[in-house]
Amino acid sequence: MPSQFFGLNIAYTGLMASNAALNTTGNNISNVETIGYSRQRVKQTAADALRTFTTYGCAGAGVETLAIERIRNEFYDVKYWNNNSRLGDYGIKQYYMKQIENYFMDDPDNGIDGFSTIFDKMYEAMAQVKKNAGDIPTKAQFVGYAKSLCEYFNSMANDLQEMQKDVNAEIKNKVEEINSIAAEIATLNKQINVIELTGSNANELRDRRSVLIDQLSAIVDVEVKETPVIDDNDPTRVTGANKFSIKIAGGQTLVDTNEYNTLQCVAKSSGEKVNLTDADGMYDIVWSNGLEVNLYGNNLGGELKALIQMRDGNNGKQFKGTAGTDAGDVDVAGKTITVDVTEDYLLEVNQCNLSETGGVLLVGNREYHYTSWTMTKKMDAAGNVSCSYTFELDETPLATDAGREVSIGKSVQYQGIPYYMSQMNEWVRSFSEAFNRILTQDGAIDDYGDPATQLFLAQKKTDSTQYTFGDQEWVDDGAGGKILTVTNTNDTLYQMTALNLTISDIIAKDAGKFASKTGNADEADRYDVIDQLIKMKSDKSQMAYRNSAAGEFLQTILADIGLGANSANTFYKNFTNISQSIENQRTSISGVDNDEEALNLTKYQHAYNLASKMIQTLTEVYDRLILQTGV
């Protein structure tokens with residue numbers, strides 16, 4: 001049978017439960033604006049009843065306050081993290097594609113002279129040369145516009161290269177942010193387990209961890225898993241401890257409960273560049289244990305994926321081929337390997353994007369460092385063309401490398417900075433080749449009767465001299481066919497890029513050296529060369545760029561940029577809306593509602609008052625029983 005003070009104990013448990021509920025409600029109200037805070041509630045249950053050995057059997061013993069738990073639905077967390085990764089991806093792409101759009105903008109009404117404006121002005125000046133073929137000041141004006149065209153491409157290429165450096169620096173910042181978040185989550189995991197081993201809930205620490213995962217999911221994809229620690233001696237016992245792991249980049253472990261792995265950025269040397277016009281010091285990302293991170297897999301996700309694609313995106317135009325199987329194709333003694341290629345973009349010098357300073361050649365699963373290369377095109381008597389590249393290596397190749405797949409860099413199916421750089425390089429090479437060929441045709445002479453001089457050249461890095469380019473020289477192979485050989489060091493159009501495009505110093509100093517005619521120097525008004533150059537602007541047979549005429553470069557490149565920008569804008573908007581929808585769903589469950597908490601405040605206040613009233617009533621009962629009864 002319970003004691004006479006049993007009722008007082010029941011009232012006391014109710015008072016404590018109501019007090020805990022009031023305090024929890026106050027905590028919710030205080031954190032209504034706290035980012036990531038999850039609404040909390042008191043978990044309580046009826047206390048075990050006591051046997052009274054009376055006719056009514058058992059008597060209720062009040063209420064037990066079990067825990068203060070947070071209201072959180074992990075299903076919406078996972079949905080939010082997955083969507084946040086995509087949102088981060090397209091947010092970065094939207095930002096940088098907008099910059100590229102601005103770089104290529106052509107709006108003369110607002111004082112922005114882009115390619116079309118400069119190119120048209122150059123050809124308008126050329127038309128004036130036709131009207132005054134022997135007038136040197138008129139030619140000087142044309143040469144000035146030609147120089148402006150070169151400066152346009154120089155500026156564009158420098159801007160894109162600076163953007164690539166900015167993206168590269170941001171990649172390092174994101175890696176450092178990942179490491180910082182990982183370290184903090186590992187610390188929180190330890191603190192959470194210490195608290196929850198005692199039977200309490202580490203609600204605020206769990207909220208803080210969720211906020212960090214929200215931040216991490218924007219940078220890279222995340223896979224979160226939490227499993228309870230089992231007592232092997234008593235599997236049914238609840239230990240309160242949990243294993244908590246986070247995997248990124250398609251299943252690579254970042255955090256494992258109290259331990260975490262770190263990422264490191266390792267700068268490539270100038271001898272490891274992938275593309276000809278890449279900025280120096282591009283980062284590879286590796287784990288602190290030396291293992292590589294798969295930066296180009298489909299599972300990377302987040303802002304880091306977008307930054308990698310912007311920095312390295314080549315639209316899939318990667319160097320790839322097969323190591324030859326003929327004798328000498330894998331020269332162990334000479335440390336060379338010959339690679340047969342078939343991709344159209346690898347067959348033309350104008351589209352060649354290999355590094356001039358060397359790089360990493362992947363043969364099968366083995367890496368070699370190459371220092372130079374030679375391109376060899378062969379045309380047989382029937383007109384069939386084949387092409388191969390011979391690489392000089394630092395290491396000795398294996399005889400078993402013959403027939404293996406060979407590649408340089410990665411195939412990144414995105415139109416990033418390397419893609420737009422290569423497109424500009426291709427245009428300036430093709431245009432310069434066609435323009436110089438017409439300008440220096442047989443019989444072309446300048447105003448002084450001297451043989452014509454090439455106008456568009458390339459500035460050397462090592463000194464103040466310029467590259468001059470002759471026609472590609474096919475050499476008879478003795479069997480009715482021809483061979484064309486190009487190296488990374490000889491004076492071919494490979495040496496010309498948008499970065500170093502320039503006009504001839506000779507013509508810049510004396511516009512009279514710009515040829516406008518063929519034939520006799522005394523025929524001052526002859527302008528047949530100018531006629532051909534003007535025709536070249538719209539004649540695809542003279543110069544074609546992606547099946548477009550020379551003057552349609554901007555329209556062609558803007559089509560790529562517009563597609564990329566519109567895609568980024570559309571997807572960013574879509575994922576922003578989805579994110580807001582998921583966040584609303586998540587907030588509806590775990591967020592604090594002022595009206596609801598105000599109602600709870602009143603409800604728990606009444607419960608507290610009633611428990612207090614019960615104690616007061618029982619106090620009067622005990623007072624009558626103890627003090628006012630007896631003999």
# chains A, B, ... in the order shown; residues from 1 in each chain; ligands from 1

call {"tool": "residues_around", "arguments": {"residues": "segment 133-149 of chain A", "least_positions_apart": "3", "cutoff": "8 Å", "atoms": "only C-alpha atoms", "output": "list in words"}}
result
Phe115, Ile118, Phe119, Lys121, Met122, Tyr123, Ala125, Met126, Gln128, Val129, Lys130, Tyr152, Phe153, Asp447, Thr502, Ile503, Ile507, Ala508, Asp510, Ala511, Gly512, Phe514, Ser516, Ala524, Asp525, Arg526 and Tyr527 of chain A

call {"tool": "closest_residue", "arguments": {"among": "A:Gly383, A:Gly199, A:Pro451, A:Gly281", "to": "Val238 of chain A", "atoms": "only C-alpha atoms"}}
result
A:Gly199

call {"tool": "residues_around", "arguments": {"residues": "Val32 of chain A", "least_positions_apart": "3", "cutoff": "7 Å", "atoms": "only C-alpha atoms", "output": "PyMOL selection string"}}
result
chain A and resi 28-29+592

call {"tool": "residues_around", "arguments": {"residues": "Asp77 of chain A", "least_positions_apart": "2", "cutoff": "10 Å", "atoms": "only C-alpha atoms", "output": "ChimeraX atom specification"}}
result
/A:72-75,79-83,210,213-214,224,582-583,586

call {"tool": "write_last_selection", "arguments": {"atoms": "N, CA and C atoms", "output": "mmCIF file, in the first residue's frame"}}
result
data_model
loop_
_atom_site.group_PDB
_atom_site.id
_atom_site.type_symbol
_atom_site.label_atom_id
_atom_site.label_comp_id
_atom_site.auth_asym_id
_atom_site.auth_seq_id
_atom_site.Cartn_x
_atom_site.Cartn_y
_atom_site.Cartn_z
ATOM 1 N N ARG A 72 13.061 16.319 -35.765
ATOM 2 C CA ARG A 72 13.843 16.373 -37.009
ATOM 3 C C ARG A 72 13.496 15.170 -37.871
ATOM 4 N N ASN A 73 13.320 15.399 -39.169
ATOM 5 C CA ASN A 73 13.052 14.317 -40.112
ATOM 6 C C ASN A 73 14.250 14.185 -41.039
ATOM 7 N N GLU A 74 15.013 13.116 -40.885
ATOM 8 C CA GLU A 74 16.238 12.943 -41.667
ATOM 9 C C GLU A 74 15.959 12.760 -43.155
ATOM 10 N N PHE A 75 14.751 12.346 -43.484
ATOM 11 C CA PHE A 75 14.394 12.178 -44.901
ATOM 12 C C PHE A 75 14.525 13.501 -45.645
ATOM 13 N N LYS A 79 17.169 14.840 -48.688
ATOM 14 C CA LYS A 79 16.671 15.498 -49.908
ATOM 15 C C LYS A 79 17.309 16.875 -50.072
ATOM 16 N N TYR A 80 17.422 17.588 -48.964
ATOM 17 C CA TYR A 80 18.009 18.931 -49.018
ATOM 18 C C TYR A 80 19.473 18.869 -49.419
ATOM 19 N N TRP A 81 20.227 17.933 -48.847
ATOM 20 C CA TRP A 81 21.654 17.825 -49.160
ATOM 21 C C TRP A 81 21.876 17.465 -50.620
ATOM 22 N N ASN A 82 21.084 16.521 -51.132
ATOM 23 C CA ASN A 82 21.231 16.127 -52.535
ATOM 24 C C ASN A 82 20.925 17.292 -53.468
ATOM 25 N N ASN A 83 19.859 18.031 -53.173
ATOM 26 C CA ASN A 83 19.503 19.169 -54.014
ATOM 27 C C ASN A 83 20.506 20.306 -53.851
ATOM 28 N N SER A 210 24.363 19.337 -38.256
ATOM 29 C CA SER A 210 23.507 19.384 -39.450
ATOM 30 C C SER A 210 23.751 20.642 -40.265
ATOM 31 N N ILE A 213 26.822 20.122 -42.274
ATOM 32 C CA ILE A 213 26.589 19.238 -43.421
ATOM 33 C C ILE A 213 25.846 19.995 -44.511
ATOM 34 N N ASP A 214 24.936 20.895 -44.109
ATOM 35 C CA ASP A 214 24.289 21.764 -45.103
ATOM 36 C C ASP A 214 25.339 22.532 -45.894
ATOM 37 N N VAL A 224 25.712 10.565 -45.955
ATOM 38 C CA VAL A 224 25.783 10.549 -44.491
ATOM 39 C C VAL A 224 25.169 9.263 -43.968
ATOM 40 N N ILE A 582 11.854 22.175 -50.371
ATOM 41 C CA ILE A 582 12.325 21.203 -49.373
ATOM 42 C C ILE A 582 12.558 21.883 -48.032
ATOM 43 N N GLU A 583 13.124 23.088 -48.080
ATOM 44 C CA GLU A 583 13.374 23.814 -46.835
ATOM 45 C C GLU A 583 12.064 24.141 -46.119
ATOM 46 N N ARG A 586 10.994 20.976 -44.518
ATOM 47 C CA ARG A 586 11.837 20.693 -43.360
ATOM 48 C C ARG A 586 11.505 21.625 -42.200
#

call {"tool": "residues_around", "arguments": {"residues": "segment 452-455 of chain A", "least_positions_apart": "3", "cutoff": "7 Å", "atoms": "only C-alpha atoms", "output": "PyMOL selection string"}}
result
chain A and resi 436+439-440+444-446+503-504+507+513-515

call {"tool": "closest_residue", "arguments": {"among": "A:Ala565, A:Leu216, A:Ile578, A:Leu160", "to": "Lys98 of chain A", "atoms": "only C-alpha atoms"}}
result
A:Ala565

call {"tool": "residues_around", "arguments": {"residues": "Ser180 of chain A", "least_positions_apart": "2", "cutoff": "12 Å", "atoms": "only C-alpha atoms", "output": "PDB file with C-alpha atoms, in the first residue's frame"}}
result
ATOM      1  CA  ASN A 173      39.598  27.701 -50.865  1.00  0.00           C
ATOM      2  CA  LYS A 174      36.862  25.086 -51.207  1.00  0.00           C
ATOM      3  CA  VAL A 175      39.299  22.305 -50.316  1.00  0.00           C
ATOM      4  CA  GLU A 176      40.354  24.188 -47.204  1.00  0.00           C
ATOM      5  CA  GLU A 177      36.694  24.740 -46.329  1.00  0.00           C
ATOM      6  CA  ILE A 178      36.008  21.018 -46.689  1.00  0.00           C
ATOM      7  CA  ALA A 182      35.445  17.820 -41.579  1.00  0.00           C
ATOM      8  CA  ALA A 183      37.580  18.659 -38.544  1.00  0.00           C
ATOM      9  CA  GLU A 184      34.676  20.398 -36.793  1.00  0.00           C
ATOM     10  CA  ILE A 185      32.250  17.552 -37.525  1.00  0.00           C
ATOM     11  CA  ALA A 186      34.726  14.992 -36.142  1.00  0.00           C
ATOM     12  CA  THR A 187      35.027  17.068 -32.949  1.00  0.00           C
ATOM     13  CA  LEU A 212      27.845  22.032 -41.164  1.00  0.00           C
ATOM     14  CA  ILE A 213      26.589  19.238 -43.421  1.00  0.00           C
ATOM     15  CA  GLN A 215      27.370  23.870 -45.860  1.00  0.00           C
ATOM     16  CA  LEU A 216      29.388  20.853 -46.990  1.00  0.00           C
ATOM     17  CA  LEU A 254      35.847  12.196 -45.318  1.00  0.00           C
ATOM     18  CA  VAL A 255      34.697  11.696 -41.708  1.00  0.00           C
ATOM     19  CA  TYR A 260      38.654  12.573 -40.544  1.00  0.00           C
ATOM     20  CA  ASN A 261      40.700  12.662 -43.722  1.00  0.00           C
ATOM     21  CA  THR A 262      42.017  15.858 -45.250  1.00  0.00           C
ATOM     22  CA  LEU A 263      42.433  16.968 -48.834  1.00  0.00           C
TER      23      LEU A 263
END

call {"tool": "atom_distance", "arguments": {"atom1": "atom CA of Thr556 of chain A", "atom2": "atom CA of Thr342 of chain A"}}
result
25.2 Å

call {"tool": "residues_around", "arguments": {"residues": "Lys461 of chain A", "least_positions_apart": "4", "cutoff": "12 Å", "atoms": "only C-alpha atoms", "output": "number ranges by chain"}}
result
A: 356, 465-467, 495-497, 499-501

call {"tool": "closest_residue", "arguments": {"among": "A:Thr253, A:Thr13, A:Ser411, A:Gln532", "to": "Tyr296 of chain A", "atoms": "only C-alpha atoms"}}
result
A:Ser411

call {"tool": "closest_residue", "arguments": {"among": "A:Trp287, A:Phe319, A:Tyr545, A:Tyr370", "to": "Glu272 of chain A", "atoms": "only C-alpha atoms"}}
result
A:Tyr370

call {"tool": "closest_residue", "arguments": {"among": "A:Ala382, A:Ala549, A:Ile561, A:Met16", "to": "Asn609 of chain A", "atoms": "only C-alpha atoms"}}
result
A:Met16

call {"tool": "closest_residue", "arguments": {"among": "A:Leu197, A:Val42, A:Met282, A:Ile530", "to": "Ile71 of chain A", "atoms": "only C-alpha atoms"}}
result
A:Val42

call {"tool": "select_by_dssp", "arguments": {"residues": "segment 312-525 of chain A", "states": "alpha helix (DSSP H)", "output": "number ranges by chain"}}
result
A: 312, 417-439, 505-509

call {"tool": "write_last_selection", "arguments": {"atoms": "C-alpha atoms", "output": "compact mmCIF listing (two decimals), in the first residue's frame"}}
result
# COMPACT_ATOMS: atom_id res chain seq x y z
CA ASP A 312 39.33 22.06 -67.11
CA ILE A 417 37.78 27.91 -70.06
CA PRO A 418 40.11 25.55 -72.02
CA TYR A 419 37.36 25.05 -74.58
CA TYR A 420 36.89 28.76 -75.26
CA MET A 421 40.66 29.28 -75.31
CA SER A 422 41.07 26.50 -77.87
CA GLN A 423 38.26 27.96 -80.00
CA MET A 424 39.99 31.34 -80.10
CA ASN A 425 43.31 29.68 -80.91
CA GLU A 426 41.73 27.77 -83.77
CA TRP A 427 40.16 30.91 -85.23
CA VAL A 428 43.29 33.09 -85.06
CA ARG A 429 45.38 30.30 -86.60
CA SER A 430 42.91 29.62 -89.40
CA PHE A 431 42.31 33.30 -90.13
CA SER A 432 46.00 34.20 -90.01
CA GLU A 433 46.92 31.29 -92.25
CA ALA A 434 44.30 32.22 -94.87
CA PHE A 435 45.02 35.96 -94.68
CA ASN A 436 48.80 35.55 -94.92
CA ARG A 437 48.47 33.03 -97.74
CA ILE A 438 46.51 35.52 -99.86
CA LEU A 439 48.72 38.42 -98.81
CA ASP A 505 56.83 44.66 -86.73
CA ILE A 506 57.94 45.47 -90.26
CA ILE A 507 54.43 46.47 -91.40
CA ALA A 508 53.67 48.20 -88.08
CA LYS A 509 56.67 50.50 -88.63
